[in-house]
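> One structure, as structure tokens, below. Some questions next.
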Amino acid sequence: VSLKSLTTQQAIEKFKWPKIKPFQCEITPNFDCNARCIFCYSSPQLSTWQKRKGFSLQEIYKYLKKGKEKGAWICAISGGEVTIREDLFQIIAIAHHLKYPAIELTTNGIRLEDIDYCKKLVESGLNAVRFSLHSHLEKLHDKLIGRNGAWQSTIKAIENMIKLRVKVAINTVLIRPNYKFFPSLIDMLVDNYGIDSYSIVAPHYLGMLEERKEELSIRYSYILPFLLKGLEIIERKIKIVDSPILSNFLPCLLPSYYKNLIAEWELPKRDDLLILPQEGVKGIVTTKYYLSMKTEKCKECIYYKRCVGFEKSYYQLFGDDEFIPVKKEHRKYRIDTIYGNF
Ligand code: SF4
């Protein structure tokens, strides 16, 4: 069996995903988790999150139905870690019953090392998995997510889902202990598995990351050289990715030829839906907008009116000297995106 992941193009054909602008309904069924990531925004280690109850199946049905009626075609099941719920198969089956063409699970992958469990998820209707993997180094990943043996399980899980011909994506948070290893992680994922779908996330200083910022915080200007090296590998070996893969970055931080890779930097006409217990339906970029700010010098930037700005918590830590107003727009991109073009 080939260990090369389905490409986005192959997944579009296999699962008949529409070739229209992505519109996502992201639901967090629960906040609790079987890992203890040292950078988690909603960590069960924090007393403020401990009391938060998850959704019942009835509530999940109600919200996913609402999302479908609004036109969402991607059902993203997020967390917490939803694989700790025994009724995950039913959650996926609800999304399948509601006829979401794309049903994606975000997971740390620990439970998915069991291929029979993976088969049941796929039989319920799952067709995409986004694995959180934060290093190519076993010990470092285990330390970051607070669980020994996690890296081995997640790698096995990635291989399981590739064998089952499900679309695989990788979610990576760049913080002080791991940002320098980012190119090696991309090298491993591209060479071993041909993965063309990523979320590369700059830190949000919330939750655990806010508590441990002395040890984990990192300036954009430190991350960028390593990010660019990783993007060059993608450019050389993959050439095209599924959609904008950079989360919590801004146009002024990256060379213009990578601007099309930045997600969520401007308020869209129709925001993706974010459904959280005790909070109901919110917009993904709208939520980010309320956490963000711009300063006086942003007024000189060509993106001033469109840009939601940088996060207030980042500004408190490092100020705004890295955000240099952009004067000229370039539209030649080095890595194309399939779904970014609609
Ligand atoms: S408006 Fe400010 S934060 Fe946004 S891209 Fe321009 S300089 Fe950067």
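Here's how to read the names in the structure tokens: chain A, B, ... by the order shown, residue numbers from 1 in each chain, ligand numbers from 1 in the order shown.
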Find the spatial neighbours of stretch 170-185 of chain A, counting only C-alpha atoms, within a cut-off of 7 Å - ignore same-chain residues fewer than 2 positions away - and output them as a list in words.
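Everything that qualifies: Arg130, Phe131, Ser132, Leu133, His134, Ser135, His136, Val168, Asp187, Met188, Leu189, Ser197, Tyr198, Ser199, Ile200, Val201, Ala202, Pro203, Leu216, Ser217, Ile218, Ile223, Phe226, Leu227, Lys229 and Gly230 of chain A.
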> Since we have the selection now, will you write its residues out, keeping N, CA, C and O atoms, as an mmCIF file, in the first residue's frame?

```
data_model
loop_
_atom_site.group_PDB
_atom_site.id
_atom_site.type_symbol
_atom_site.label_atom_id
_atom_site.label_comp_id
_atom_site.auth_asym_id
_atom_site.auth_seq_id
_atom_site.Cartn_x
_atom_site.Cartn_y
_atom_site.Cartn_z
ATOM 1 N N ARG A 130 -7.323 16.032 10.413
ATOM 2 C CA ARG A 130 -6.267 17.035 10.638
ATOM 3 C C ARG A 130 -5.542 16.643 11.932
ATOM 4 O O ARG A 130 -6.110 16.721 13.020
ATOM 5 N N PHE A 131 -4.307 16.172 11.785
ATOM 6 C CA PHE A 131 -3.543 15.698 12.947
ATOM 7 C C PHE A 131 -2.687 16.823 13.507
ATOM 8 O O PHE A 131 -1.992 17.510 12.753
ATOM 9 N N SER A 132 -2.668 16.969 14.809
ATOM 10 C CA SER A 132 -1.755 17.917 15.439
ATOM 11 C C SER A 132 -0.422 17.218 15.639
ATOM 12 O O SER A 132 -0.337 16.212 16.345
ATOM 13 N N LEU A 133 0.602 17.747 14.979
ATOM 14 C CA LEU A 133 1.949 17.176 15.100
ATOM 15 C C LEU A 133 2.911 18.357 15.156
ATOM 16 O O LEU A 133 2.942 19.177 14.238
ATOM 17 N N HIS A 134 3.689 18.458 16.228
ATOM 18 C CA HIS A 134 4.443 19.691 16.466
ATOM 19 C C HIS A 134 5.943 19.549 16.300
ATOM 20 O O HIS A 134 6.676 20.513 16.491
ATOM 21 N N SER A 135 6.408 18.346 15.972
ATOM 22 C CA SER A 135 7.830 18.192 15.703
ATOM 23 C C SER A 135 8.094 16.871 14.980
ATOM 24 O O SER A 135 7.299 15.930 15.109
ATOM 25 N N HIS A 136 9.203 16.843 14.251
ATOM 26 C CA HIS A 136 9.648 15.561 13.683
ATOM 27 C C HIS A 136 10.406 14.773 14.757
ATOM 28 O O HIS A 136 10.717 13.608 14.570
ATOM 29 N N VAL A 168 -5.504 13.658 4.565
ATOM 30 C CA VAL A 168 -4.754 13.935 5.789
ATOM 31 C C VAL A 168 -4.155 15.344 5.741
ATOM 32 O O VAL A 168 -3.574 15.750 4.732
ATOM 33 N N ASP A 187 9.983 18.665 5.832
ATOM 34 C CA ASP A 187 10.749 17.687 5.045
ATOM 35 C C ASP A 187 10.211 16.275 5.258
ATOM 36 O O ASP A 187 9.970 15.541 4.302
ATOM 37 N N MET A 188 10.028 15.912 6.529
ATOM 38 C CA MET A 188 9.545 14.570 6.854
ATOM 39 C C MET A 188 8.140 14.327 6.272
ATOM 40 O O MET A 188 7.874 13.298 5.656
ATOM 41 N N LEU A 189 7.251 15.310 6.446
ATOM 42 C CA LEU A 189 5.860 15.117 6.022
ATOM 43 C C LEU A 189 5.725 15.065 4.504
ATOM 44 O O LEU A 189 4.919 14.311 3.961
ATOM 45 N N SER A 197 -1.574 19.596 2.753
ATOM 46 C CA SER A 197 -2.591 20.331 3.496
ATOM 47 C C SER A 197 -2.094 20.588 4.931
ATOM 48 O O SER A 197 -1.756 19.635 5.638
ATOM 49 N N TYR A 198 -2.025 21.850 5.308
ATOM 50 C CA TYR A 198 -1.427 22.205 6.607
ATOM 51 C C TYR A 198 -2.205 23.336 7.275
ATOM 52 O O TYR A 198 -2.877 24.113 6.601
ATOM 53 N N SER A 199 -2.075 23.421 8.599
ATOM 54 C CA SER A 199 -2.355 24.671 9.325
ATOM 55 C C SER A 199 -1.095 24.944 10.118
ATOM 56 O O SER A 199 -0.755 24.169 11.021
ATOM 57 N N ILE A 200 -0.412 26.019 9.770
ATOM 58 C CA ILE A 200 0.826 26.379 10.466
ATOM 59 C C ILE A 200 0.483 27.613 11.296
ATOM 60 O O ILE A 200 0.172 28.671 10.751
ATOM 61 N N VAL A 201 0.501 27.434 12.596
ATOM 62 C CA VAL A 201 -0.141 28.414 13.468
ATOM 63 C C VAL A 201 0.884 29.177 14.307
ATOM 64 O O VAL A 201 1.674 28.572 15.033
ATOM 65 N N ALA A 202 0.863 30.501 14.206
ATOM 66 C CA ALA A 202 1.676 31.324 15.116
ATOM 67 C C ALA A 202 0.943 31.395 16.451
ATOM 68 O O ALA A 202 -0.290 31.371 16.503
ATOM 69 N N PRO A 203 1.698 31.480 17.559
ATOM 70 C CA PRO A 203 1.058 31.350 18.870
ATOM 71 C C PRO A 203 -0.005 32.415 19.171
ATOM 72 O O PRO A 203 0.168 33.583 18.856
ATOM 73 N N LEU A 216 7.714 30.210 26.628
ATOM 74 C CA LEU A 216 7.283 29.715 25.313
ATOM 75 C C LEU A 216 7.131 30.785 24.241
ATOM 76 O O LEU A 216 7.090 30.467 23.047
ATOM 77 N N SER A 217 7.040 32.054 24.634
ATOM 78 C CA SER A 217 6.732 33.093 23.642
ATOM 79 C C SER A 217 7.883 33.265 22.669
ATOM 80 O O SER A 217 9.042 32.989 22.995
ATOM 81 N N ILE A 218 7.516 33.720 21.472
ATOM 82 C CA ILE A 218 8.526 33.892 20.430
ATOM 83 C C ILE A 218 8.069 34.994 19.474
ATOM 84 O O ILE A 218 6.900 35.064 19.123
ATOM 85 N N ILE A 223 10.615 33.501 14.112
ATOM 86 C CA ILE A 223 9.970 32.366 13.432
ATOM 87 C C ILE A 223 10.182 32.430 11.914
ATOM 88 O O ILE A 223 10.414 31.414 11.262
ATOM 89 N N PHE A 226 12.690 30.430 9.571
ATOM 90 C CA PHE A 226 12.452 28.979 9.581
ATOM 91 C C PHE A 226 11.152 28.647 8.842
ATOM 92 O O PHE A 226 11.065 27.639 8.143
ATOM 93 N N LEU A 227 10.159 29.530 9.004
ATOM 94 C CA LEU A 227 8.909 29.345 8.266
ATOM 95 C C LEU A 227 9.198 29.384 6.765
ATOM 96 O O LEU A 227 8.731 28.533 6.005
ATOM 97 N N LYS A 229 11.949 28.733 5.175
ATOM 98 C CA LYS A 229 12.653 27.516 4.739
ATOM 99 C C LYS A 229 11.663 26.364 4.524
ATOM 100 O O LYS A 229 11.778 25.610 3.564
ATOM 101 N N GLY A 230 10.719 26.246 5.437
ATOM 102 C CA GLY A 230 9.688 25.197 5.302
ATOM 103 C C GLY A 230 8.834 25.436 4.060
ATOM 104 O O GLY A 230 8.527 24.501 3.316
#
```
> Using only C-alpha atoms, what table do you get, as CSV, when you list each residue of stretch 7-107 of chain A with an atom no more than 12 Å from stretch 267-274 of chain A, its nearest pair of atoms, and their distance in Å rounded to one decimal, rows by chain then rising number?

```
residue,atom,partner,partner_atom,distance
A:Lys21,CA,A:Arg270,CA,10.1
A:Pro22,CA,A:Asp272,CA,8.6
A:Phe23,CA,A:Asp272,CA,5.7
A:Gln24,CA,A:Asp272,CA,5.0
A:Cys25,CA,A:Leu273,CA,4.7
A:Glu26,CA,A:Leu274,CA,5.0
A:Ile27,CA,A:Leu274,CA,6.1
A:Thr28,CA,A:Leu274,CA,8.1
A:Pro29,CA,A:Leu274,CA,11.2
A:Tyr63,CA,A:Leu273,CA,10.0
A:Leu64,CA,A:Leu273,CA,10.0
A:Lys66,CA,A:Leu273,CA,10.1
A:Gly67,CA,A:Leu273,CA,7.3
A:Lys68,CA,A:Leu273,CA,10.5
A:Glu69,CA,A:Leu273,CA,12.0
A:Lys70,CA,A:Leu273,CA,9.5
A:Gly71,CA,A:Arg270,CA,10.1
A:Ala72,CA,A:Asp272,CA,7.9
A:Trp73,CA,A:Asp272,CA,10.4
A:Ile74,CA,A:Asp272,CA,9.6
A:Cys75,CA,A:Leu273,CA,9.8
A:Ala76,CA,A:Leu274,CA,9.4
A:Ile77,CA,A:Leu274,CA,10.3
A:Ser78,CA,A:Leu274,CA,9.8
A:Gly79,CA,A:Leu274,CA,11.4
```
> Ligand 1: which residues are within 6 Å, counting only C-alpha atoms and all ligand atoms, as a CSV table (one decimal) with all heavy atoms, in the first residue's frame?

```csv
chain,number,residue,atom,x,y,z
A,250,LEU,N,0.3,37.8,9.2
A,250,LEU,CA,-0.2,39.0,8.6
A,250,LEU,C,0.5,39.3,7.3
A,250,LEU,O,1.7,39.0,7.2
A,250,LEU,CB,-0.1,40.2,9.5
A,250,LEU,CG,-1.0,40.1,10.8
A,250,LEU,CD1,-0.4,40.7,12.0
A,250,LEU,CD2,-2.4,40.6,10.5
A,251,PRO,N,-0.1,40.0,6.3
A,251,PRO,CA,0.6,40.3,5.0
A,251,PRO,C,1.9,41.0,5.2
A,251,PRO,O,2.8,40.8,4.5
A,251,PRO,CB,-0.4,41.1,4.3
A,251,PRO,CG,-1.8,40.8,4.9
A,251,PRO,CD,-1.5,40.5,6.3
A,252,CYS,N,1.9,41.9,6.2
A,252,CYS,CA,3.2,42.7,6.4
A,252,CYS,C,4.4,41.9,6.9
A,252,CYS,O,5.5,42.4,6.8
A,252,CYS,CB,2.9,43.9,7.3
A,252,CYS,SG,2.3,43.4,8.9
A,294,LYS,N,-4.9,47.4,15.6
A,294,LYS,CA,-3.9,48.0,14.6
A,294,LYS,C,-3.4,49.2,15.3
A,294,LYS,O,-4.0,49.8,16.2
A,294,LYS,CB,-4.5,48.3,13.3
A,294,LYS,CG,-4.8,47.1,12.4
A,294,LYS,CD,-5.6,47.4,11.2
A,294,LYS,CE,-7.1,47.5,11.5
A,294,LYS,NZ,-7.9,47.6,10.3
A,298,CYS,N,-0.3,51.6,11.0
A,298,CYS,CA,-1.0,50.7,10.0
A,298,CYS,C,-1.8,51.5,9.0
A,298,CYS,O,-2.1,51.0,7.9
A,298,CYS,CB,-2.0,49.8,10.8
A,298,CYS,SG,-1.2,48.5,11.7
A,301,CYS,N,-0.6,51.5,5.5
A,301,CYS,CA,-0.6,50.2,4.8
A,301,CYS,C,-1.7,50.1,3.8
A,301,CYS,O,-2.8,50.5,4.1
A,301,CYS,CB,-0.7,49.1,5.9
A,301,CYS,SG,-0.6,47.5,5.2
A,303,TYR,N,-3.3,47.6,3.1
A,303,TYR,CA,-4.3,46.6,3.6
A,303,TYR,C,-5.0,47.2,4.9
A,303,TYR,O,-5.8,46.4,5.5
A,303,TYR,CB,-3.6,45.3,4.0
A,303,TYR,CG,-2.9,44.6,2.8
A,303,TYR,CD1,-1.5,44.4,2.9
A,303,TYR,CD2,-3.6,44.3,1.7
A,303,TYR,CE1,-0.9,43.8,1.8
A,303,TYR,CE2,-3.0,43.7,0.6
A,303,TYR,CZ,-1.6,43.5,0.7
A,303,TYR,OH,-1.0,42.9,-0.4
A,304,TYR,N,-4.8,48.4,5.2
A,304,TYR,CA,-5.3,48.9,6.5
A,304,TYR,C,-6.8,48.7,6.7
A,304,TYR,O,-7.3,48.2,7.7
A,304,TYR,CB,-5.1,50.4,6.6
A,304,TYR,CG,-5.6,51.1,7.8
A,304,TYR,CD1,-5.1,50.7,9.1
A,304,TYR,CD2,-6.7,51.9,7.8
A,304,TYR,CE1,-5.7,51.3,10.2
A,304,TYR,CE2,-7.3,52.5,8.9
A,304,TYR,CZ,-6.7,52.1,10.1
A,304,TYR,OH,-7.3,52.7,11.3
A,307,CYS,N,-7.5,44.6,6.8
A,307,CYS,CA,-6.7,43.8,7.8
A,307,CYS,C,-7.3,43.8,9.2
A,307,CYS,O,-7.7,44.9,9.6
A,307,CYS,CB,-5.3,44.3,7.8
A,307,CYS,SG,-4.3,43.4,9.0
A,309,GLY,N,-5.7,43.0,11.8
A,309,GLY,CA,-4.6,43.5,12.7
A,309,GLY,C,-3.9,42.3,13.4
A,309,GLY,O,-4.2,41.1,13.2
A,310,PHE,N,-3.0,42.6,14.3
A,310,PHE,CA,-2.3,41.6,15.1
A,310,PHE,C,-3.0,41.5,16.5
A,310,PHE,O,-3.7,42.4,16.9
A,310,PHE,CB,-0.8,42.0,15.3
A,310,PHE,CG,-0.6,43.5,15.5
A,310,PHE,CD1,-0.7,44.0,16.7
A,310,PHE,CD2,-0.4,44.3,14.3
A,310,PHE,CE1,-0.5,45.4,16.9
A,310,PHE,CE2,-0.2,45.7,14.5
A,310,PHE,CZ,-0.2,46.2,15.8
A,323,PHE,N,5.7,45.1,12.4
A,323,PHE,CA,4.6,45.2,11.4
A,323,PHE,C,4.8,46.5,10.6
A,323,PHE,O,4.5,47.6,11.0
A,323,PHE,CB,3.2,45.3,12.2
A,323,PHE,CG,3.0,44.1,13.1
A,323,PHE,CD1,3.0,44.3,14.5
A,323,PHE,CD2,2.9,42.8,12.6
A,323,PHE,CE1,2.9,43.3,15.4
A,323,PHE,CE2,2.7,41.8,13.5
A,323,PHE,CZ,2.7,42.0,14.9
A,324,ILE,N,5.5,46.3,9.5
A,324,ILE,CA,5.9,47.4,8.6
A,324,ILE,C,4.9,47.6,7.6
A,324,ILE,O,4.6,46.6,6.8
A,324,ILE,CB,7.3,47.1,8.0
A,324,ILE,CG1,8.3,46.6,9.0
A,324,ILE,CG2,7.8,48.4,7.2
A,324,ILE,CD1,9.0,47.6,9.9
A,325,PRO,N,4.2,48.7,7.5
A,325,PRO,CA,3.1,48.9,6.5
A,325,PRO,C,3.6,48.5,5.1
A,325,PRO,O,4.7,48.8,4.6
A,325,PRO,CB,2.9,50.4,6.5
A,325,PRO,CG,3.3,50.8,7.9
A,325,PRO,CD,4.4,49.9,8.3
A,326,VAL,N,2.7,47.8,4.4
A,326,VAL,CA,2.9,47.4,3.0
A,326,VAL,C,2.5,48.5,2.1
A,326,VAL,O,1.5,49.1,2.2
A,326,VAL,CB,2.1,46.1,2.7
A,326,VAL,CG1,2.4,45.7,1.2
A,326,VAL,CG2,2.4,45.0,3.7
```
> Check the DSSP output for the backbone and give back, as a PyMOL selection string, the residues of stretch 224-293 of chain A in strand (DSSP E or B).
chain A and resi 240-241+246-247+262+266+273-276+280-283+292-293
> Near A:Val122, within 10 Å and counting only C-alpha atoms, which residues show up once chain neighbours fewer than 6 positions away are dropped, as a list of chain:residue names?
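My list of contacting residues is A:Phe89, A:Ile92, A:Ala93, A:Ile103, A:Asp116, A:Ala128, A:Met161, A:Leu164, A:Arg165, A:Val166.
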> Could you take the residues named above and write them with C-alpha atoms, as a tab-separated table (two decimals), in the first residue's frame?

```tsv
chain	number	residue	atom	x	y	z
A	89	PHE	CA	-19.15	7.79	15.54
A	92	ILE	CA	-19.79	11.91	12.36
A	93	ALA	CA	-22.92	10.02	11.33
A	103	ILE	CA	-16.35	15.86	7.28
A	116	ASP	CA	-10.06	-0.78	13.60
A	128	ALA	CA	-10.59	14.07	6.30
A	161	MET	CA	-5.57	7.16	7.66
A	164	LEU	CA	-7.63	4.10	4.40
A	165	ARG	CA	-7.39	6.80	1.66
A	166	VAL	CA	-8.75	9.59	3.81
```
> Can you pull out every residue from stretch 79-182 of chain A that DSSP, working from the backbone, puts in alpha helix (DSSP H), and format the result as number ranges by chain?
A: 88-97, 115-124, 138-145, 150-163, 182
> Could you tell me how far atom CA of A:Gly146 lies from atom CA of A:Lys120, in Å and to one decimal?
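Straight-line distance from atom CA of A:Gly146 to atom CA of A:Lys120 works out to 27.3 Å.
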> Ranking A:Asp142, A:Glu266, A:Glu123, A:Glu113 by minimum distance to A:Thr287 and counting only C-alpha atoms, which one comes first?
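Looking only at the distances to A:Thr287, the closest residue turns out to be A:Glu266.
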> Would you mind reading off the distance between atom CA of A:Arg85 and atom CA of A:Ala157, one decimal, in Å?
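These two atoms are separated by 17.6 Å.
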> Which neighbours of stretch 1-17 of chain A fall inside 6 Å, counting only C-alpha atoms, when residues of the same chain fewer than 6 positions from it are skipped, and could you give them as a PyMOL selection string?
chain A and resi 101+162+167+193-195+242
> Output N, CA, C and O atoms for every residue in the selection just made, as a compact mmCIF listing (two decimals), in the first residue's frame.

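Full text of result.txt as output:
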```txt
# COMPACT_ATOMS: atom_id res chain seq x y z
N PRO A 101 -20.56 17.39 2.46
CA PRO A 101 -19.64 16.63 1.60
C PRO A 101 -18.28 16.38 2.26
O PRO A 101 -17.69 15.33 2.07
N ILE A 162 -3.81 7.33 5.98
CA ILE A 162 -3.33 7.34 4.58
C ILE A 162 -3.70 6.02 3.91
O ILE A 162 -4.19 5.99 2.79
N LYS A 167 -8.36 11.97 3.44
CA LYS A 167 -7.51 13.16 3.27
C LYS A 167 -6.83 13.50 4.60
O LYS A 167 -7.50 13.65 5.62
N TYR A 193 5.20 11.32 3.22
CA TYR A 193 3.75 11.15 3.01
C TYR A 193 3.15 12.04 1.91
O TYR A 193 1.96 11.90 1.62
N GLY A 194 3.91 12.95 1.35
CA GLY A 194 3.40 13.82 0.27
C GLY A 194 2.25 14.72 0.70
O GLY A 194 1.37 15.05 -0.10
N ILE A 195 2.23 15.13 1.95
CA ILE A 195 1.07 15.89 2.47
C ILE A 195 1.05 17.32 1.89
O ILE A 195 2.05 18.02 1.90
N ASP A 242 -3.78 22.95 -0.45
CA ASP A 242 -5.24 22.97 -0.56
C ASP A 242 -5.84 24.36 -0.41
O ASP A 242 -6.70 24.77 -1.16
```
> Identify which of the residues A:Lys143, A:Glu214, A:Phe249, A:Ile238 lies closest to A:Val190, counting only C-alpha atoms when measuring atom-to-atom distances.
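So, comparing all the options, the nearest one is A:Ile238.
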> Restricting the calculation to only C-alpha atoms: of A:Ala169, A:Gly340, A:Glu215, A:Ser313, which residue gets closest to A:Glu264?
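Nearest candidate to A:Glu264 out of A:Ala169, A:Gly340, A:Glu215, A:Ser313: A:Gly340.
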> A:His96, A:Lys259, A:Lys312, A:Lys305: which is nearest A:Arg334, counting only C-alpha atoms?
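The closest residue to A:Arg334 is A:Lys259.
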> Find, counting only C-alpha atoms, the residue in A:Lys119, A:Lys65, A:Lys139, A:Arg111 that gets nearest to A:Thr83.
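Among the listed residues, the smallest separation from A:Thr83 belongs to A:Arg111.
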